[in-house]
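What follows is the content of run_4.cif (mmCIF, C-alpha atoms and all ligand atoms).
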data_my_file
loop_
_atom_site.label_atom_id
_atom_site.label_comp_id
_atom_site.auth_asym_id
_atom_site.auth_seq_id
_atom_site.Cartn_x
_atom_site.Cartn_y
_atom_site.Cartn_z
CA MET P 1 0.36 -13.49 20.20
CA LYS P 2 -3.22 -14.71 20.31
CA ILE P 3 -5.83 -15.44 17.64
CA SER P 4 -7.90 -12.61 19.14
CA SER P 5 -5.06 -10.07 18.73
CA PRO P 6 -5.39 -7.49 15.94
CA ILE P 7 -3.72 -7.34 12.54
CA GLY P 8 -1.40 -4.29 12.59
CA ILE P 9 -1.16 -2.32 9.36
CA PHE P 10 0.96 0.76 8.62
CA ASP P 11 1.65 3.11 5.74
CA SER P 12 3.48 6.39 5.30
CA GLY P 13 0.02 7.94 5.31
CA VAL P 14 -3.57 7.38 4.27
CA GLY P 15 -2.90 5.24 1.16
CA GLY P 16 -2.54 1.92 2.93
CA SER P 17 -6.22 2.19 3.84
CA SER P 18 -6.78 0.83 0.30
CA ILE P 19 -4.97 -2.31 1.50
CA TRP P 20 -6.84 -2.29 4.81
CA LYS P 21 -10.13 -2.42 2.83
CA GLU P 22 -8.99 -5.54 0.96
CA ILE P 23 -7.86 -7.19 4.21
CA HIS P 24 -11.08 -6.32 6.03
CA GLN P 25 -13.23 -7.56 3.13
CA ARG P 26 -11.35 -10.86 3.01
CA LEU P 27 -11.01 -11.30 6.79
CA PRO P 28 -14.11 -9.60 8.26
CA ASN P 29 -13.78 -11.28 11.67
CA GLU P 30 -10.31 -9.90 12.37
CA ASP P 31 -9.63 -6.89 14.59
CA THR P 32 -7.34 -4.37 12.87
CA ILE P 33 -5.17 -1.41 13.85
CA TYR P 34 -4.20 0.99 11.06
CA LEU P 35 -1.38 3.52 11.57
CA ALA P 36 -1.03 6.42 9.13
CA ASP P 37 2.39 8.04 9.56
CA SER P 38 1.14 11.08 7.64
CA ILE P 39 3.34 13.50 9.54
CA ASN P 40 6.33 11.88 7.81
CA ALA P 41 4.71 11.42 4.37
CA PRO P 42 5.82 11.18 1.69
CA TYR P 43 8.41 8.48 2.31
CA GLY P 44 9.12 8.23 -1.42
CA ASN P 45 11.79 10.93 -1.57
CA ARG P 46 13.54 9.95 1.67
CA SER P 47 16.79 8.02 1.91
CA ALA P 48 16.67 4.24 2.43
CA GLN P 49 18.08 4.78 5.93
CA GLU P 50 15.25 7.12 6.90
CA ILE P 51 12.62 4.81 5.43
CA ILE P 52 14.10 1.96 7.51
CA ARG P 53 14.09 4.09 10.68
CA LEU P 54 10.42 5.07 10.19
CA SER P 55 9.41 1.50 9.34
CA LEU P 56 11.07 0.18 12.53
CA LYS P 57 9.25 2.84 14.58
CA ASN P 58 5.84 2.01 13.05
CA THR P 59 6.33 -1.74 13.46
CA GLN P 60 7.39 -1.33 17.10
CA THR P 61 4.32 0.87 17.77
CA LEU P 62 1.99 -1.77 16.30
CA ILE P 63 3.70 -4.53 18.30
CA ASN P 64 3.35 -2.44 21.50
CA MET P 65 -0.36 -2.15 20.69
CA GLY P 66 -0.64 -5.96 20.67
CA SER P 67 -0.60 -6.86 16.95
CA LYS P 68 -0.26 -10.53 16.00
CA ILE P 69 1.02 -9.82 12.49
CA ILE P 70 2.30 -6.70 10.72
CA VAL P 71 1.23 -5.67 7.23
CA VAL P 72 3.55 -3.09 5.68
CA ALA P 73 0.91 -1.45 3.47
CA CYS P 74 3.50 0.72 1.76
CA ASN P 75 5.56 -0.29 -1.28
CA THR P 76 8.28 2.22 -0.42
CA ALA P 77 8.69 0.84 3.10
CA THR P 78 8.52 -2.77 1.90
CA THR P 79 11.05 -2.44 -0.88
CA ASN P 80 13.51 -0.59 1.38
CA ALA P 81 12.99 -2.09 4.82
CA ILE P 82 11.26 -5.48 4.83
CA ASP P 83 14.45 -7.54 5.21
CA ILE P 84 15.55 -5.48 8.20
CA LEU P 85 12.10 -5.63 9.80
CA ARG P 86 12.13 -9.42 9.47
CA GLU P 87 15.61 -9.54 11.00
CA GLN P 88 14.65 -7.35 13.96
CA PHE P 89 11.21 -8.74 14.83
CA THR P 90 10.01 -12.32 15.23
CA ILE P 91 6.34 -11.49 14.50
CA PRO P 92 5.18 -12.42 10.95
CA ILE P 93 5.56 -9.46 8.56
CA ILE P 94 3.76 -9.13 5.21
CA GLY P 95 4.93 -6.64 2.60
CA ILE P 96 3.54 -5.12 -0.57
CA GLU P 97 5.41 -4.89 -3.85
CA PRO P 98 4.38 -3.64 -7.28
CA ALA P 99 2.55 -6.43 -9.19
CA ILE P 100 5.10 -6.57 -12.01
CA LYS P 101 4.96 -10.34 -12.37
CA PRO P 102 1.25 -10.69 -13.28
CA ALA P 103 1.46 -7.72 -15.65
CA ALA P 104 4.57 -9.14 -17.34
CA LEU P 105 2.93 -12.55 -17.73
CA LYS P 106 -0.31 -11.16 -19.17
CA THR P 107 0.83 -8.35 -21.47
CA LYS P 108 0.07 -8.84 -25.16
CA SER P 109 1.53 -5.56 -26.37
CA ARG P 110 4.82 -6.52 -24.63
CA SER P 111 4.81 -3.12 -22.99
CA ILE P 112 3.77 -2.30 -19.39
CA GLY P 113 3.79 0.85 -17.29
CA ILE P 114 4.74 1.17 -13.63
CA LEU P 115 3.79 4.18 -11.54
CA ALA P 116 5.51 4.26 -8.15
CA THR P 117 7.55 6.46 -5.83
CA LYS P 118 11.22 7.26 -6.36
CA GLY P 119 12.03 5.22 -3.22
CA THR P 120 10.37 2.12 -4.66
CA LEU P 121 11.71 2.42 -8.20
CA SER P 122 15.27 2.95 -6.96
CA SER P 123 15.23 0.07 -4.44
CA ALA P 124 17.30 -3.08 -4.86
CA LEU P 125 14.25 -5.31 -4.25
CA PHE P 126 12.28 -3.65 -7.05
CA HIS P 127 15.21 -4.01 -9.46
CA LYS P 128 15.61 -7.65 -8.62
CA THR P 129 11.93 -8.43 -9.32
CA ALA P 130 11.84 -6.28 -12.47
CA GLU P 131 14.95 -7.96 -13.88
CA GLU P 132 13.57 -11.40 -13.20
CA PHE P 133 10.19 -10.92 -14.89
CA THR P 134 10.57 -8.25 -17.55
CA LYS P 135 13.58 -9.39 -19.56
CA ASP P 136 11.82 -9.47 -22.91
CA ILE P 137 9.23 -6.72 -22.51
CA SER P 138 9.45 -2.98 -22.37
CA VAL P 139 8.77 -1.35 -19.01
CA ILE P 140 7.93 2.33 -18.71
CA GLU P 141 8.79 3.31 -15.13
CA ILE P 142 7.41 6.67 -14.02
CA ILE P 143 7.90 8.32 -10.63
CA GLY P 144 4.57 9.66 -9.39
CA GLU P 145 6.17 12.81 -8.01
CA GLY P 146 3.62 14.93 -6.14
CA LEU P 147 0.76 12.41 -6.18
CA VAL P 148 1.09 11.25 -2.55
CA PRO P 149 1.09 14.82 -1.10
CA LEU P 150 -2.03 15.67 -3.13
CA ILE P 151 -3.83 12.55 -1.87
CA GLU P 152 -2.68 13.30 1.70
CA ASN P 153 -4.13 16.81 1.33
CA ASN P 154 -7.52 15.67 0.09
CA GLN P 155 -6.84 16.89 -3.47
CA ILE P 156 -7.72 13.80 -5.49
CA ASP P 157 -10.19 15.77 -7.60
CA SER P 158 -7.97 18.79 -8.18
CA ASP P 159 -6.84 20.22 -11.55
CA GLU P 160 -3.27 19.68 -10.40
CA MET P 161 -3.93 15.96 -9.95
CA ASN P 162 -5.49 15.69 -13.41
CA ALA P 163 -2.53 17.49 -14.97
CA LEU P 164 0.03 15.25 -13.22
CA LEU P 165 -1.78 12.05 -14.15
CA LYS P 166 -1.98 13.14 -17.80
CA GLU P 167 1.71 13.99 -17.77
CA TYR P 168 2.75 10.67 -16.18
CA THR P 169 0.57 8.45 -18.34
CA SER P 170 1.36 10.09 -21.67
CA PRO P 171 4.75 8.32 -22.22
CA MET P 172 3.05 5.06 -21.26
CA ILE P 173 0.25 5.59 -23.78
CA ALA P 174 2.85 6.51 -26.42
CA ALA P 175 4.66 3.22 -25.64
CA ASN P 176 1.42 1.27 -26.19
CA ILE P 177 1.19 -0.27 -22.71
CA ASP P 178 -1.70 -2.66 -22.04
CA TYR P 179 -1.07 -2.98 -18.26
CA LEU P 180 -0.47 -0.23 -15.74
CA VAL P 181 0.95 -1.44 -12.43
CA LEU P 182 0.17 0.79 -9.45
CA GLY P 183 3.27 0.51 -7.27
CA CYS P 184 2.10 2.67 -4.37
CA SER P 185 -0.73 1.94 -1.97
CA HIS P 186 -2.03 5.51 -2.29
CA TYR P 187 -2.67 5.10 -6.03
CA PRO P 188 -5.73 2.79 -5.98
CA TYR P 189 -7.63 5.95 -4.98
CA LEU P 190 -6.67 7.34 -8.40
CA ILE P 191 -8.16 4.45 -10.41
CA PRO P 192 -11.37 6.33 -11.39
CA LYS P 193 -9.25 9.22 -12.75
CA LEU P 194 -6.73 6.94 -14.46
CA THR P 195 -9.55 4.98 -16.10
CA GLU P 196 -10.83 8.21 -17.63
CA ILE P 197 -7.40 9.16 -18.95
CA LEU P 198 -6.09 5.80 -20.21
CA PRO P 199 -7.25 4.04 -23.40
CA SER P 200 -9.83 1.35 -22.65
CA GLU P 201 -7.38 -1.45 -23.63
CA VAL P 202 -5.21 -0.66 -20.59
CA THR P 203 -5.82 -2.80 -17.50
CA ILE P 204 -4.85 -1.25 -14.17
CA ILE P 205 -3.53 -3.62 -11.50
CA ASP P 206 -2.59 -3.12 -7.89
CA SER P 207 -1.44 -5.50 -5.17
CA GLY P 208 -4.20 -5.10 -2.57
CA GLU P 209 -5.95 -8.42 -3.12
CA ALA P 210 -2.66 -10.34 -3.23
CA VAL P 211 -1.61 -8.80 0.10
CA ALA P 212 -4.94 -9.73 1.70
CA LYS P 213 -4.64 -13.32 0.44
CA GLN P 214 -1.06 -13.55 1.71
CA THR P 215 -2.14 -12.20 5.12
CA GLN P 216 -4.80 -14.91 5.32
CA THR P 217 -2.31 -17.64 4.33
CA ILE P 218 0.33 -16.56 6.84
CA LEU P 219 -2.21 -16.23 9.67
CA GLU P 220 -3.51 -19.70 8.84
CA ASN P 221 0.03 -21.14 8.75
CA HIS P 222 0.76 -19.66 12.20
CA GLY P 223 -2.54 -20.85 13.68
CA LEU P 224 -3.56 -17.20 14.16
CA LEU P 225 -6.56 -16.90 11.80
CA GLN P 226 -9.77 -15.73 13.51
CA LYS P 227 -12.44 -18.18 12.35
CA GLU P 228 -15.19 -17.19 14.77
CA ASN P 229 -18.00 -15.03 13.33
CA ARG P 230 -17.79 -11.79 15.27
CA ILE P 231 -18.01 -8.01 15.03
CA PRO P 232 -14.43 -6.79 14.83
CA THR P 233 -12.84 -3.77 16.50
CA LEU P 234 -11.39 -1.52 13.79
CA GLN P 235 -8.94 1.10 15.03
CA PHE P 236 -7.45 3.90 12.92
CA TYR P 237 -4.72 6.25 14.10
CA THR P 238 -2.90 9.11 12.45
CA ASN P 239 -0.18 11.44 13.71
CA ALA P 240 -1.48 14.30 11.51
CA ASN P 241 -4.86 15.82 10.66
CA PRO P 242 -7.41 12.95 10.60
CA SER P 243 -9.73 14.52 8.00
CA THR P 244 -8.26 12.92 4.85
CA LEU P 245 -8.27 9.41 6.29
CA LYS P 246 -11.80 9.98 7.60
CA ASN P 247 -12.94 11.02 4.12
CA LEU P 248 -11.35 8.02 2.43
CA LEU P 249 -12.92 5.66 4.94
CA ALA P 250 -16.32 7.38 4.87
CA ASN P 251 -16.90 5.88 1.39
CA PHE P 252 -16.48 2.52 3.05
CA SER P 253 -18.40 3.13 6.28
CA GLU P 254 -19.65 6.23 8.07
CA GLU P 255 -19.19 4.50 11.43
CA ILE P 256 -15.41 4.42 11.40
CA SER P 257 -13.59 6.91 13.61
CA VAL P 258 -9.99 8.08 13.20
CA LYS P 259 -8.01 9.04 16.29
CA GLU P 260 -4.97 11.27 16.59
CA LYS P 261 -1.93 9.66 18.23
CA GLU P 262 1.74 10.54 18.57
CA PHE P 263 4.06 7.84 17.32
N1 LIG J 301 1.80 4.43 0.17
C1 LIG J 301 3.22 4.57 -0.02
C2 LIG J 301 3.71 3.50 -0.99
O1 LIG J 301 3.03 2.52 -1.18
C3 LIG J 301 3.52 5.98 -0.40
C4 LIG J 301 4.96 6.30 -0.22
C5 LIG J 301 5.24 7.74 0.10
O2 LIG J 301 4.87 8.17 1.18
O3 LIG J 301 5.90 8.38 -0.72
O4 LIG J 301 4.77 3.59 -1.54
#
Structure re-expressed in structure tokens:
Amino acid sequence: MKISSPIGIFDSGVGGSSIWKEIHQRLPNEDTIYLADSINAPYGNRSAQEIIRLSLKNTQTLINMGSKIIVVACNTATTNAIDILREQFTIPIIGIEPAIKPAALKTKSRSIGILATKGTLSSALFHKTAEEFTKDISVIEIIGEGLVPLIENNQIDSDEMNALLKEYTSPMIAANIDYLVLGCSHYPYLIPKLTEILPSEVTIIDSGEAVAKQTQTILENHGLLQKENRIPTLQFYTNANPSTLKNLLANFSEEISVKEKEF
């Protein structure tokens, strides 16, 4: 592992690009490789065993491509597989979990909402964190069934998406939440829609910035942080149709290209 090696990032699909953006903004000198395992998305309804198998495969691919650190930009993969990944590989591995703690500490209405996949909400790691921080507040957990496939299929602005978001947020609004935690890295792309639907008192939080900060800290601790001012190489790979990822990244920069790769 060298300072000049890239940061390897993977997600079940295109959603982790929301995390990539935070990492790239915070660490603009770092080379990055992003892997979208879209052919296997969504992970959220798969068994823990399958999620572990796919996470091992993605991590190994990124290591083979020379990564110096792995960012699991997927809550479902983190909450089901991070312990096993850390057991199997010696490279530093960063995960992403729903930001329950900050929401629980800040809520005034004593009621928060969490939107995440079934795989995340049913994981032992999620339960452990939720139990620790939400003892005396009410937590409305909603599975975002169908949201990831719509995002993967470029349907963020569809009527179906609007209908699902209204359905999923309505019990949260009824429970008077003042924080909505986005527990899936695909969901930051839904923030403009959610802002329209939710009352203005509701603050939406996701974990992107925290993951980027943690990546910086761990790289620094391992002596792997790129401090030289340079133009980075940014690589994006998908094992499915590249058009959705291209579209999501086009808002960020027209220059970025997405390549197809089997993995
Ligand atoms: N981006 C993944 C996450 O953060 C989506 C999981 C899925 O594919 O269902 O959980």
Practice task
Determine, counting all atoms listed in the file, which protein, DNA and RNA residues have an atom within 9 Å of an atom of Glu132 (chain P); residues of the same chain fewer than 4 positions away are not included. Present the result as a ChimeraX atom specification.
Solution key: /P:101,127-128
Practice task
Considering all atoms listed in the file, return as an NGL selection string whatever protein or nucleic-acid residues lie within 10 Å of region 80-92 of chain P, sequence-local ones (same chain, fewer than 4 positions apart) excluded.
Solution key: :P and (1 or 47-56 or 59-60 or 63 or 67-72 or 75-76 or 96 or 119-120 or 122-126 or 215 or 218-219 or 222)
Residues just named, written with C-alpha atoms as a PDB file, keeping the file's coordinate frame:
ATOM      1  CA  MET P   1       0.360 -13.490  20.200  1.00  0.00           C
ATOM      2  CA  SER P  47      16.790   8.020   1.910  1.00  0.00           C
ATOM      3  CA  ALA P  48      16.670   4.240   2.430  1.00  0.00           C
ATOM      4  CA  GLN P  49      18.080   4.780   5.930  1.00  0.00           C
ATOM      5  CA  GLU P  50      15.250   7.120   6.900  1.00  0.00           C
ATOM      6  CA  ILE P  51      12.620   4.810   5.430  1.00  0.00           C
ATOM      7  CA  ILE P  52      14.100   1.960   7.510  1.00  0.00           C
ATOM      8  CA  ARG P  53      14.090   4.090  10.680  1.00  0.00           C
ATOM      9  CA  LEU P  54      10.420   5.070  10.190  1.00  0.00           C
ATOM     10  CA  SER P  55       9.410   1.500   9.340  1.00  0.00           C
ATOM     11  CA  LEU P  56      11.070   0.180  12.530  1.00  0.00           C
ATOM     12  CA  THR P  59       6.330  -1.740  13.460  1.00  0.00           C
ATOM     13  CA  GLN P  60       7.390  -1.330  17.100  1.00  0.00           C
ATOM     14  CA  ILE P  63       3.700  -4.530  18.300  1.00  0.00           C
ATOM     15  CA  SER P  67      -0.600  -6.860  16.950  1.00  0.00           C
ATOM     16  CA  LYS P  68      -0.260 -10.530  16.000  1.00  0.00           C
ATOM     17  CA  ILE P  69       1.020  -9.820  12.490  1.00  0.00           C
ATOM     18  CA  ILE P  70       2.300  -6.700  10.720  1.00  0.00           C
ATOM     19  CA  VAL P  71       1.230  -5.670   7.230  1.00  0.00           C
ATOM     20  CA  VAL P  72       3.550  -3.090   5.680  1.00  0.00           C
ATOM     21  CA  ASN P  75       5.560  -0.290  -1.280  1.00  0.00           C
ATOM     22  CA  THR P  76       8.280   2.220  -0.420  1.00  0.00           C
ATOM     23  CA  ILE P  96       3.540  -5.120  -0.570  1.00  0.00           C
ATOM     24  CA  GLY P 119      12.030   5.220  -3.220  1.00  0.00           C
ATOM     25  CA  THR P 120      10.370   2.120  -4.660  1.00  0.00           C
ATOM     26  CA  SER P 122      15.270   2.950  -6.960  1.00  0.00           C
ATOM     27  CA  SER P 123      15.230   0.070  -4.440  1.00  0.00           C
ATOM     28  CA  ALA P 124      17.300  -3.080  -4.860  1.00  0.00           C
ATOM     29  CA  LEU P 125      14.250  -5.310  -4.250  1.00  0.00           C
ATOM     30  CA  PHE P 126      12.280  -3.650  -7.050  1.00  0.00           C
ATOM     31  CA  THR P 215      -2.140 -12.200   5.120  1.00  0.00           C
ATOM     32  CA  ILE P 218       0.330 -16.560   6.840  1.00  0.00           C
ATOM     33  CA  LEU P 219      -2.210 -16.230   9.670  1.00  0.00           C
ATOM     34  CA  HIS P 222       0.760 -19.660  12.200  1.00  0.00           C
TER      35      HIS P 222
END
Practice task
Pick out the residues no farther than 7 Å from ligand LIG 301 (chain J), counting all atoms listed in the file, and list them as a VMD selection string.
Solution key: chain P and resid 11 to 13 15 to 16 41 to 45 73 to 77 116 to 117 120 148 183 to 186
Mind writing the picked residues with C-alpha atoms as a compact mmCIF listing (two decimals), in the coordinates of the input?
# COMPACT_ATOMS: atom_id res chain seq x y z
CA ASP P 11 1.65 3.11 5.74
CA SER P 12 3.48 6.39 5.30
CA GLY P 13 0.02 7.94 5.31
CA GLY P 15 -2.90 5.24 1.16
CA GLY P 16 -2.54 1.92 2.93
CA ALA P 41 4.71 11.42 4.37
CA PRO P 42 5.82 11.18 1.69
CA TYR P 43 8.41 8.48 2.31
CA GLY P 44 9.12 8.23 -1.42
CA ASN P 45 11.79 10.93 -1.57
CA ALA P 73 0.91 -1.45 3.47
CA CYS P 74 3.50 0.72 1.76
CA ASN P 75 5.56 -0.29 -1.28
CA THR P 76 8.28 2.22 -0.42
CA ALA P 77 8.69 0.84 3.10
CA ALA P 116 5.51 4.26 -8.15
CA THR P 117 7.55 6.46 -5.83
CA THR P 120 10.37 2.12 -4.66
CA VAL P 148 1.09 11.25 -2.55
CA GLY P 183 3.27 0.51 -7.27
CA CYS P 184 2.10 2.67 -4.37
CA SER P 185 -0.73 1.94 -1.97
CA HIS P 186 -2.03 5.51 -2.29
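The space separating CA of Phe263 (chain P) from CA of Leu245 (chain P) comes to 16.6 Å.
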Problem - Best match for closeness to Pro199 (chain P) among P:Phe236, P:Phe252, P:Tyr187, P:Tyr179, counting only C-alpha atoms - result: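 Smallest distance to Pro199 (chain P) is found for P:Tyr179.
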Exercise for the section: Find the residues near Ile256 (chain P): any atom within 9 Å, counting all atoms listed in the file, skip ones fewer than 2 places away on the same chain, and give them as a list in words. Expected result: Leu234, Gln235, Phe236, Lys246, Leu249, Ala250, Phe252, Ser253, Glu254 and Val258 of chain P
Practice task
Quote the spacing between CA of Asp136 (chain P) and CA of Ser111 (chain P) in Å to one decimal place.
Solution key: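 One can read the CA of Asp136 (chain P) to CA of Ser111 (chain P) distance as 9.5 Å.
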